[in-house]
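*Asks:* As input, take structure00.pdb (PDB, C-alpha atoms):
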ATOM      1  CA  VAL A   1       0.000   0.000   0.000
ATOM      2  CA  VAL A   2       1.541   3.279  -1.139
ATOM      3  CA  VAL A   3       0.257   6.742  -0.247
ATOM      4  CA  ASN A   4       1.940   9.447  -2.315
ATOM      5  CA  THR A   5       1.285  13.113  -1.549
ATOM      6  CA  ASP A   6       2.329  15.685  -4.151
ATOM      7  CA  PHE A   7       2.282  19.415  -3.348
ATOM      8  CA  SER A   8       2.909  22.258  -5.798
ATOM      9  CA  LEU A   9       4.848  24.979  -4.004
ATOM     10  CA  THR A  10       4.782  27.211  -7.104
ATOM     11  CA  ASP A  11       3.806  26.843 -10.770
ATOM     12  CA  ARG A  12       7.244  25.310 -11.368
ATOM     13  CA  LEU A  13       8.391  23.765  -8.087
ATOM     14  CA  ALA A  14       6.756  20.671  -6.552
ATOM     15  CA  ILE A  15       7.599  18.178  -3.830
ATOM     16  CA  SER A  16       6.177  14.734  -3.175
ATOM     17  CA  VAL A  17       6.556  12.435  -0.184
ATOM     18  CA  ARG A  18       5.588   8.790   0.060
ATOM     19  CA  LEU A  19       5.871   5.978   2.590
ATOM     20  CA  PRO A  20       4.819   2.461   1.479
ATOM     21  CA  TYR A  21       3.527  -0.254   3.773
ATOM     22  CA  ILE A  22       4.754  -3.613   2.458
ATOM     23  CA  ALA A  23       3.565  -7.071   3.526
ATOM     24  CA  GLY A  24       4.731 -10.297   1.906
ATOM     25  CA  LYS A  25       5.436 -13.948   2.461
ATOM     26  CA  TYR A  26       7.740 -16.510   0.869
ATOM     27  CA  VAL A  27       6.550 -19.972  -0.156
ATOM     28  CA  GLY A  28       9.260 -22.126  -1.701
ATOM     29  CA  PRO A  29      12.081 -24.603  -1.191
ATOM     30  CA  SER A  30      14.934 -22.146  -0.524
ATOM     31  CA  PRO A  31      14.136 -19.791   2.364
ATOM     32  CA  HIS A  32      16.826 -17.457   3.714
ATOM     33  CA  LEU A  33      16.880 -18.135   7.435
ATOM     34  CA  LEU A  34      20.462 -17.467   8.496
ATOM     35  CA  VAL A  35      23.949 -17.313   6.998
ATOM     36  CA  ARG A  36      25.887 -20.573   7.324
ATOM     37  CA  GLY A  37      24.754 -21.384  10.837
ATOM     38  CA  ASP A  38      25.538 -17.941  12.287
ATOM     39  CA  PRO A  39      22.724 -17.247  14.812
ATOM     40  CA  SER A  40      23.406 -13.500  14.725
ATOM     41  CA  THR A  41      22.121 -13.408  11.119
ATOM     42  CA  ALA A  42      18.862 -15.290  11.790
ATOM     43  CA  VAL A  43      15.657 -13.764  10.398
ATOM     44  CA  ALA A  44      12.093 -15.064  10.337
ATOM     45  CA  VAL A  45      10.679 -13.369   7.232
ATOM     46  CA  ASP A  46      10.853 -16.535   5.098
ATOM     47  CA  ASP A  47       8.913 -18.772   7.503
ATOM     48  CA  GLY A  48       5.844 -18.969   5.228
ATOM     49  CA  ASP A  49       3.793 -16.347   7.089
ATOM     50  CA  PHE A  50       3.071 -12.767   6.096
ATOM     51  CA  HIS A  51       5.432 -10.140   7.524
ATOM     52  CA  GLY A  52       4.877  -6.436   7.003
ATOM     53  CA  GLY A  53       5.975  -2.967   7.965
ATOM     54  CA  PHE A  54       6.587   0.545   6.753
ATOM     55  CA  GLN A  55       9.421   0.666   4.239
ATOM     56  CA  ASP A  56      11.263   3.818   3.055
ATOM     57  CA  PHE A  57      10.419   7.495   2.919
ATOM     58  CA  ARG A  58      10.949   8.881  -0.572
ATOM     59  CA  VAL A  59      11.149  12.633  -1.034
ATOM     60  CA  ASN A  60      11.041  13.853  -4.626
ATOM     61  CA  VAL A  61      11.693  17.502  -5.553
ATOM     62  CA  ARG A  62      10.990  18.603  -9.140
ATOM     63  CA  TYR A  63      11.411  21.909 -10.980
ATOM     64  CA  ALA A  64       9.712  22.647 -14.309
ATOM     65  CA  LEU A  65      12.513  24.067 -16.415
ATOM     66  CA  THR A  66      10.202  24.601 -19.388
ATOM     67  CA  GLN A  67       6.446  25.108 -19.626
ATOM     68  CA  GLY A  68       5.945  24.957 -23.387
ATOM     69  CA  ALA A  69       5.140  21.971 -25.589
ATOM     70  CA  LEU A  70       8.343  20.226 -24.525
ATOM     71  CA  LYS A  71       8.443  19.604 -20.773
ATOM     72  CA  ILE A  72      11.878  19.334 -19.131
ATOM     73  CA  THR A  73      11.846  18.739 -15.388
ATOM     74  CA  PRO A  74      15.050  18.170 -13.378
ATOM     75  CA  LEU A  75      14.542  16.191 -10.175
ATOM     76  CA  PHE A  76      16.200  15.210  -6.926
ATOM     77  CA  GLN A  77      15.109  12.202  -4.855
ATOM     78  CA  ALA A  78      16.109  10.959  -1.434
ATOM     79  CA  THR A  79      15.183   7.485  -0.188
ATOM     80  CA  LEU A  80      15.466   7.066   3.584
ATOM     81  CA  PRO A  81      14.522   3.893   5.503
ATOM     82  CA  SER A  82      11.734   4.582   8.002
ATOM     83  CA  HIS A  83      13.388   2.221  10.502
ATOM     84  CA  ASP A  84      16.043  -0.501  10.705
ATOM     85  CA  TYR A  85      14.368  -3.567   9.145
ATOM     86  CA  PRO A  86      15.902  -6.862   7.929
ATOM     87  CA  SER A  87      16.902  -6.927   4.258
ATOM     88  CA  PHE A  88      18.038 -10.578   4.209
ATOM     89  CA  GLY A  89      15.237 -12.830   2.989
ATOM     90  CA  HIS A  90      12.953 -13.300   0.002
ATOM     91  CA  ALA A  91      10.042 -11.683   1.894
ATOM     92  CA  ALA A  92      12.049  -8.699   3.152
ATOM     93  CA  ILE A  93      10.086  -5.474   2.729
ATOM     94  CA  GLY A  94      12.994  -3.623   1.114
ATOM     95  CA  PHE A  95      16.739  -3.016   0.877
ATOM     96  CA  ASN A  96      17.009  -0.889   4.065
ATOM     97  CA  GLU A  97      19.229   1.407   2.014
ATOM     98  CA  THR A  98      19.677   5.167   1.853
ATOM     99  CA  GLU A  99      19.915   6.454  -1.717
ATOM    100  CA  TYR A 100      20.111   9.845  -3.421
ATOM    101  CA  ARG A 101      19.138  10.350  -7.064
ATOM    102  CA  VAL A 102      19.529  13.191  -9.533
ATOM    103  CA  GLY A 103      17.877  13.103 -12.907
ATOM    104  CA  VAL A 104      15.530  14.672 -15.419
ATOM    105  CA  SER A 105      12.094  13.951 -16.867
ATOM    106  CA  VAL A 106      11.243  14.927 -20.436
ATOM    107  CA  GLY A 107       7.832  14.770 -22.061
ATOM    108  CA  ARG A 108       5.838  16.073 -25.004
ATOM    109  CA  ARG A 109       2.450  15.825 -26.604
ATOM    110  CA  LEU A 110       2.621  14.274 -30.078
ATOM    111  CA  ASN A 111       0.676  17.068 -31.734
ATOM    112  CA  PRO A 112      -0.005  17.975 -34.455
ATOM    113  CA  ILE A 113       0.301  14.354 -35.655
ATOM    114  CA  LEU A 114      -1.429  12.693 -32.673
ATOM    115  CA  PRO A 115      -2.822  15.479 -30.469
ATOM    116  CA  LYS A 116      -4.310  13.018 -27.973
ATOM    117  CA  ALA A 117      -1.061  11.106 -27.475
ATOM    118  CA  PHE A 118       2.016  11.894 -25.383
ATOM    119  CA  VAL A 119       5.436  10.436 -24.708
ATOM    120  CA  GLN A 120       7.515  10.929 -21.589
ATOM    121  CA  GLY A 121      10.719   9.514 -20.161
ATOM    122  CA  GLN A 122      12.971   9.817 -17.179
ATOM    123  CA  TYR A 123      16.608   9.141 -16.357
ATOM    124  CA  ALA A 124      18.044   9.230 -12.840
ATOM    125  CA  PHE A 125      21.416   8.297 -11.371
ATOM    126  CA  GLY A 126      21.346   6.868  -7.855
ATOM    127  CA  MET A 127      24.150   6.812  -5.280
ATOM    128  CA  SER A 128      24.201   5.110  -1.882
ATOM    129  CA  PRO A 129      26.709   5.275   0.973
ATOM    130  CA  LEU A 130      28.957   2.296   1.634
ATOM    131  CA  ILE A 131      26.702  -0.640   2.518
ATOM    132  CA  ALA A 132      28.759  -3.807   2.864
ATOM    133  CA  ALA A 133      31.575  -5.788   1.252
ATOM    134  CA  ASN A 134      33.281  -2.463   0.403
ATOM    135  CA  ILE A 135      30.472  -1.611  -2.039
ATOM    136  CA  ALA A 136      28.628   1.698  -2.317
ATOM    137  CA  PRO A 137      25.946   0.944  -4.953
ATOM    138  CA  LYS A 138      25.570   3.184  -8.000
ATOM    139  CA  ARG A 139      22.622   2.625 -10.297
ATOM    140  CA  SER A 140      20.936   4.126 -13.342
ATOM    141  CA  TYR A 141      17.155   4.232 -13.600
ATOM    142  CA  GLY A 142      15.300   4.787 -16.845
ATOM    143  CA  GLU A 143      11.638   4.958 -17.830
ATOM    144  CA  LEU A 144       9.764   5.426 -21.100
ATOM    145  CA  GLN A 145       5.999   5.838 -21.375
ATOM    146  CA  LEU A 146       3.629   6.301 -24.291
ATOM    147  CA  GLY A 147       0.034   7.301 -23.592
ATOM    148  CA  TYR A 148      -3.141   7.900 -25.572
ATOM    149  CA  LEU A 149      -6.447   9.509 -24.580
ATOM    150  CA  LEU A 150      -9.052   7.103 -25.943
ATOM    151  CA  ASN A 151     -11.912   9.429 -24.967
ATOM    152  CA  ARG A 152     -12.678  12.050 -22.336
ATOM    153  CA  HIS A 153     -12.649   9.409 -19.559
ATOM    154  CA  ILE A 154     -10.215   6.646 -20.578
ATOM    155  CA  THR A 155      -6.431   6.850 -20.991
ATOM    156  CA  LEU A 156      -4.253   3.963 -22.221
ATOM    157  CA  GLN A 157      -0.519   3.798 -21.515
ATOM    158  CA  GLY A 158       2.390   1.489 -22.259
ATOM    159  CA  SER A 159       5.593   1.778 -20.247
ATOM    160  CA  SER A 160       9.003   0.273 -19.628
ATOM    161  CA  VAL A 161      11.304   0.570 -16.597
ATOM    162  CA  LEU A 162      15.028  -0.218 -16.549
ATOM    163  CA  THR A 163      17.301  -0.585 -13.499
ATOM    164  CA  TRP A 164      21.035  -0.931 -14.228
ATOM    165  CA  SER A 165      23.633  -1.377 -11.490
ATOM    166  CA  HIS A 166      27.107  -0.049 -12.312
ATOM    167  CA  ASN A 167      28.911  -1.944  -9.558
ATOM    168  CA  GLY A 168      28.348  -4.797  -7.139
ATOM    169  CA  ILE A 169      28.700  -8.566  -6.979
ATOM    170  CA  ASP A 170      27.690 -11.091  -9.622
ATOM    171  CA  SER A 171      25.844 -14.213  -8.543
ATOM    172  CA  ASP A 172      26.527 -17.554 -10.227
ATOM    173  CA  TYR A 173      23.303 -19.410  -9.467
ATOM    174  CA  ASN A 174      25.011 -22.721 -10.191
ATOM    175  CA  LEU A 175      27.220 -22.015  -7.152
ATOM    176  CA  PHE A 176      25.137 -19.565  -5.066
ATOM    177  CA  PRO A 177      25.707 -18.949  -2.202
ATOM    178  CA  ASN A 178      28.961 -20.908  -2.058
ATOM    179  CA  ASN A 179      30.673 -18.368  -4.320
ATOM    180  CA  LEU A 180      30.021 -15.553  -1.809
ATOM    181  CA  THR A 181      31.652 -14.595   1.456
ATOM    182  CA  ASP A 182      29.508 -14.464   4.596
ATOM    183  CA  GLU A 183      29.219 -10.676   4.331
ATOM    184  CA  GLN A 184      28.341 -10.799   0.630
ATOM    185  CA  TYR A 185      25.740 -13.511   1.252
ATOM    186  CA  LEU A 186      24.085 -11.568   4.081
ATOM    187  CA  HIS A 187      23.774  -8.445   1.885
ATOM    188  CA  HIS A 188      23.581 -10.051  -1.573
ATOM    189  CA  ASP A 189      20.294  -8.357  -2.555
ATOM    190  CA  ARG A 190      21.612  -4.929  -1.545
ATOM    191  CA  VAL A 191      25.020  -5.147  -3.261
ATOM    192  CA  ALA A 192      24.178  -7.242  -6.334
ATOM    193  CA  ARG A 193      25.099  -5.946  -9.771
ATOM    194  CA  ASN A 194      21.482  -6.314 -10.830
ATOM    195  CA  LYS A 195      19.949  -5.381 -14.147
ATOM    196  CA  LEU A 196      16.202  -5.521 -14.666
ATOM    197  CA  LEU A 197      13.900  -4.530 -17.544
ATOM    198  CA  ASP A 198      10.150  -4.476 -16.914
ATOM    199  CA  ALA A 199       7.413  -3.497 -19.348
ATOM    200  CA  GLY A 200       3.684  -3.206 -18.962
ATOM    201  CA  ALA A 201       0.442  -1.430 -19.742
ATOM    202  CA  SER A 202      -2.163   0.506 -17.826
ATOM    203  CA  ILE A 203      -5.660   1.900 -18.202
ATOM    204  CA  ALA A 204      -6.965   4.920 -16.294
ATOM    205  CA  TYR A 205     -10.571   6.058 -15.885
ATOM    206  CA  GLN A 206     -11.335   9.646 -14.953
ATOM    207  CA  VAL A 207     -14.499   9.625 -12.852
ATOM    208  CA  ASN A 208     -14.712  13.421 -12.597
ATOM    209  CA  ARG A 209     -12.467  16.486 -12.715
ATOM    210  CA  SER A 210     -10.678  15.520  -9.484
ATOM    211  CA  THR A 211     -10.707  11.704  -9.290
ATOM    212  CA  ASN A 212      -8.839   9.199 -11.446
ATOM    213  CA  PHE A 213      -8.688   5.388 -11.057
ATOM    214  CA  TYR A 214      -6.083   3.179 -12.746
ATOM    215  CA  VAL A 215      -5.053  -0.465 -13.163
ATOM    216  CA  SER A 216      -1.675  -1.607 -14.505
ATOM    217  CA  VAL A 217       0.094  -4.898 -15.217
ATOM    218  CA  GLY A 218       3.811  -5.522 -15.727
ATOM    219  CA  HIS A 219       6.268  -8.324 -16.525
ATOM    220  CA  SER A 220      10.059  -8.710 -16.389
ATOM    221  CA  PHE A 221      11.586  -9.331 -19.816
ATOM    222  CA  TYR A 222      15.264  -9.298 -18.842
ATOM    223  CA  GLY A 223      17.299  -9.496 -15.671
ATOM    224  CA  THR A 224      20.566 -10.570 -14.087
ATOM    225  CA  ASN A 225      21.489 -11.113 -10.434
ATOM    226  CA  SER A 226      17.875 -10.530  -9.456
ATOM    227  CA  HIS A 227      14.485 -12.206  -9.306
ATOM    228  CA  LEU A 228      12.353 -11.727 -12.416
ATOM    229  CA  ARG A 229       8.729 -10.734 -11.936
ATOM    230  CA  TYR A 230       6.231 -12.940 -13.750
ATOM    231  CA  LEU A 231       3.271 -10.619 -13.207
ATOM    232  CA  VAL A 232       2.808  -7.416 -11.209
ATOM    233  CA  THR A 233      -0.650  -5.845 -10.903
ATOM    234  CA  THR A 234      -1.208  -2.379  -9.429
ATOM    235  CA  ILE A 235      -4.525  -0.727  -8.574
ATOM    236  CA  GLY A 236      -4.836   2.862  -7.352
ATOM    237  CA  PHE A 237      -6.440   6.259  -7.608
ATOM    238  CA  THR A 238      -5.447   9.921  -7.782
ATOM    239  CA  LYS A 239      -7.410  12.654  -6.006
ATOM    240  CA  ALA A 240      -6.801  16.382  -6.491
ATOM    241  CA  PHE A 241      -7.811  18.985  -3.901
ATOM    242  CA  THR A 242      -7.110  22.575  -2.983
ATOM    243  CA  THR A 243      -5.626  23.970   0.213
ATOM    244  CA  LYS A 244      -5.653  27.393   1.848
ATOM    245  CA  LEU A 245      -2.228  27.952   0.276
ATOM    246  CA  SER A 246      -3.570  27.527  -3.256
ATOM    247  CA  ALA A 247      -2.938  30.439  -5.553
ATOM    248  CA  GLU A 248      -6.358  29.882  -7.105
ATOM    249  CA  ASN A 249      -9.683  30.674  -5.508
ATOM    250  CA  THR A 250      -9.927  28.209  -2.627
ATOM    251  CA  THR A 251     -13.681  27.990  -3.050
ATOM    252  CA  ALA A 252     -13.238  26.357  -6.439
ATOM    253  CA  ALA A 253     -12.954  22.573  -6.584
ATOM    254  CA  ALA A 254      -9.529  21.247  -7.468
ATOM    255  CA  ALA A 255      -9.297  19.556 -10.839
ATOM    256  CA  LEU A 256      -7.044  17.184 -12.681
ATOM    257  CA  PRO A 257      -6.135  18.125 -16.301
ATOM    258  CA  GLU A 258      -9.116  17.895 -18.633
ATOM    259  CA  ALA A 259      -9.456  14.374 -19.970
ATOM    260  CA  ASN A 260      -9.928  15.490 -23.578
ATOM    261  CA  LYS A 261      -6.484  17.115 -23.652
ATOM    262  CA  ALA A 262      -3.160  15.293 -23.494
ATOM    263  CA  VAL A 263      -1.077  16.769 -20.706
ATOM    264  CA  VAL A 264       2.410  15.505 -19.952
ATOM    265  CA  CYS A 265       3.037  15.251 -16.229
ATOM    266  CA  THR A 266       6.741  14.242 -16.308
ATOM    267  CA  CYS A 267       6.137  12.542 -12.978
ATOM    268  CA  ALA A 268       7.183   9.018 -13.894
ATOM    269  CA  THR A 269       8.009   6.937 -10.864
ATOM    270  CA  SER A 270      10.576   4.166 -10.803
ATOM    271  CA  LYS A 271      11.786   1.905  -8.057
TER     272      LYS A 271
END
Spell out the structure here as structure tokens.

*Replies:*
Amino acid sequence: VVVNTDFSLTDRLAISVRLPYIAGKYVGPSPHLLVRGDPSTAVAVDDGDFHGGFQDFRVNVRYALTQGALKITPLFQATLPSHDYPSFGHAAIGFNETEYRVGVSVGRRLNPILPKAFVQGQYAFGMSPLIAANIAPKRSYGELQLGYLLNRHITLQGSSVLTWSHNGIDSDYNLFPNNLTDEQYLHHDRVARNKLLDAGASIAYQVNRSTNFYVSVGHSFYGTNSHLRYLVTTIGFTKAFTTKLSAENTTAAAALPEANKAVVCTCATSK
């Protein structure tokens, strides 16, 4: 469950904050319970039951560099664990890793050829402090999305998401975990040189000027040193509202962009 709050400080500057609650369980023949008999590494997240908790705060600051047909929006993100949670285990709720990203989103309507279509993309470079095994992860994140307004209520979108680690350890799954040291094994998800390409599609329905519901599905088409995702389904909604700080008349109802016009939000979200 993810609650994301986005606040426009000015016409160009916006900040969003989110904190997911993650709950999962592992069912399979290879649970991660402890590292080579060391009781100090024991965790219980892979015992077949659900385990959950709040994951990481993510703060995202964006500035609209342009406001014409071509949208260019530099961004800065900070990911901060909400508490010290275990990251060893298939059912772990996250990496328990601080990360800072800098990047840019670019988007444009495809008018005059396809005035109801838009394309947008994002690139961000992420850096983390030293985690373990003398590795401070550095990763690139990329997204590409193509959307089309089918009518005044329904929007279709195809998207792809790429994560590319520039350093870390490689896992030989014919030998894993015997090819890793104890420290590498304990932190293998956090320091892996993982590469992952997901692609999917979504449909959004605009109920009224302020409420939007969406459903999306995704699948992993390529990956190394990581688990591939067979199917990911996401369901959510977006609600717009005004506050006393709004520059507009606060008595007027807040509204999302009109559904019969393609508007590029350059707000793509990756991992």

*Asks:* Could you tell me which of A:Ser30, A:Thr66, A:Ser202, A:Thr73 comes closest to Ala14 of chain A if we count all atoms listed in the file?

*Replies:*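 The closest residue to Ala14 of chain A is A:Thr73.
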
*Asks:* Between atom CA of Val207 of chain A and atom CA of Ser8 of chain A, what is the distance in Å, rounded to a tenth?

*Replies:*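 Pair atom CA of Val207 of chain A / atom CA of Ser8 of chain A returns 22.6 Å.
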
*Asks:* Can you tell me which residues surround Tyr230 of chain A at a distance of at most 10 Å, considering all atoms listed in the file, apart from same-chain residues fewer than 4 positions away, and format the answer as a PyMOL selection string?

*Replies:* chain A and resi 198+218-221

*Asks:* As a check of understanding, name the residues that the PyMOL selection byres ((chain A and resi 107) around 7) selects in the supplied structure, as a PyMOL selection string.

*Replies:* chain A and resi 70-72+105-106+108+119-121+264+266

*Asks:* Of the residues A:His187, A:Glu99, A:Lys138, A:Gln145, which is the one nearest to Ser87 of chain A, using only C-alpha atoms?

*Replies:* A:His187

*Asks:* Quick one: residues within 8 Å of (16.9, 8.8, -11.7) (file frame), counting only C-alpha atoms, please, as a list in words.

*Replies:*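 Every residue inside that radius is included here: Leu75, Gln77, Arg101, Val102, Gly103, Val104, Gln122, Tyr123, Ala124, Phe125, Gly126, Ser140, Tyr141, Gly142 and Ser270 of chain A.
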
*Asks:* Determine the residue set returned by the PyMOL selection byres ((chain A and resi 160) around 7) for the present structure, and present it as a ChimeraX atom specification.

*Replies:* /A:143-145,159,161-162,198-200

*Asks:* Using C-alpha atoms, can you export the residues from the last selection as a PDB file, in the frame of the given file?

*Replies:*
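After the write, selection17.pdb holds the following:
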ATOM      1  CA  GLU A 143      11.638   4.958 -17.830  1.00  0.00           C
ATOM      2  CA  LEU A 144       9.764   5.426 -21.100  1.00  0.00           C
ATOM      3  CA  GLN A 145       5.999   5.838 -21.375  1.00  0.00           C
ATOM      4  CA  SER A 159       5.593   1.778 -20.247  1.00  0.00           C
ATOM      5  CA  VAL A 161      11.304   0.570 -16.597  1.00  0.00           C
ATOM      6  CA  LEU A 162      15.028  -0.218 -16.549  1.00  0.00           C
ATOM      7  CA  ASP A 198      10.150  -4.476 -16.914  1.00  0.00           C
ATOM      8  CA  ALA A 199       7.413  -3.497 -19.348  1.00  0.00           C
ATOM      9  CA  GLY A 200       3.684  -3.206 -18.962  1.00  0.00           C
TER      10      GLY A 200
END

*Asks:* Mind checking which residues fall within 10 Å of Arg190 of chain A, counting all atoms listed in the file, ignoring those fewer than 2 positions away in the same chain, and posting them as a list of chain:residue names?

*Replies:* A:Ser87, A:Phe88, A:Gly94, A:Phe95, A:Asn96, A:Glu97, A:Ile131, A:Ala132, A:Ile135, A:Ala136, A:Pro137, A:Gly168, A:Ile169, A:Gln184, A:Tyr185, A:Leu186, A:His187, A:His188, A:Ala192, A:Arg193, A:Asn194

*Asks:* For the structure shown, which residues end up in the PyMOL selection byres ((chain A and resi 17) around 8)? Put them as a list in words, please?

*Replies:*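 This file, filtered by the PyMOL selection byres ((chain A and resi 17) around 8), leaves Asn4, Thr5, Asp6, Ile15, Ser16, Arg18, Leu19, Phe57, Arg58, Val59 and Asn60 of chain A.
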
*Asks:* (14.7, -7.5, 5.2) in this file's frame - what residues fall within 12 Å of it? Use all atoms listed in the file and give the answer as a ChimeraX atom specification.

*Replies:* /A:22-25,32-34,41-46,51-55,81,83-97,186-190

*Asks:* When you draw a straight line from atom CA of Pro31 of chain A to atom CA of Phe50 of chain A, how long is it in Å?

*Replies:*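 Atom-to-atom, atom CA of Pro31 of chain A and atom CA of Phe50 of chain A are spaced 13.6 Å apart.
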
*Asks:* Find the residue from A:Leu228, A:Leu9, A:Ala117, A:Val3 that sits nearest to Leu150 of chain A; use only C-alpha atoms when measuring.

*Replies:*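 Closest to Leu150 of chain A, using only C-alpha atoms: A:Ala117.
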
*Asks:* Set up a box along x, y and z of the file covering all listed atoms of segment 58-75 of chain A, add 6 Å on every one of the six sides, and write the centre and edge lengths in Å to one decimal, as lines of an AutoDock Vina configuration file.

*Replies:*
center_x = 10.1
center_y = 17.0
center_z = -13.1
size_x = 21.9
size_y = 28.2
size_z = 37.0
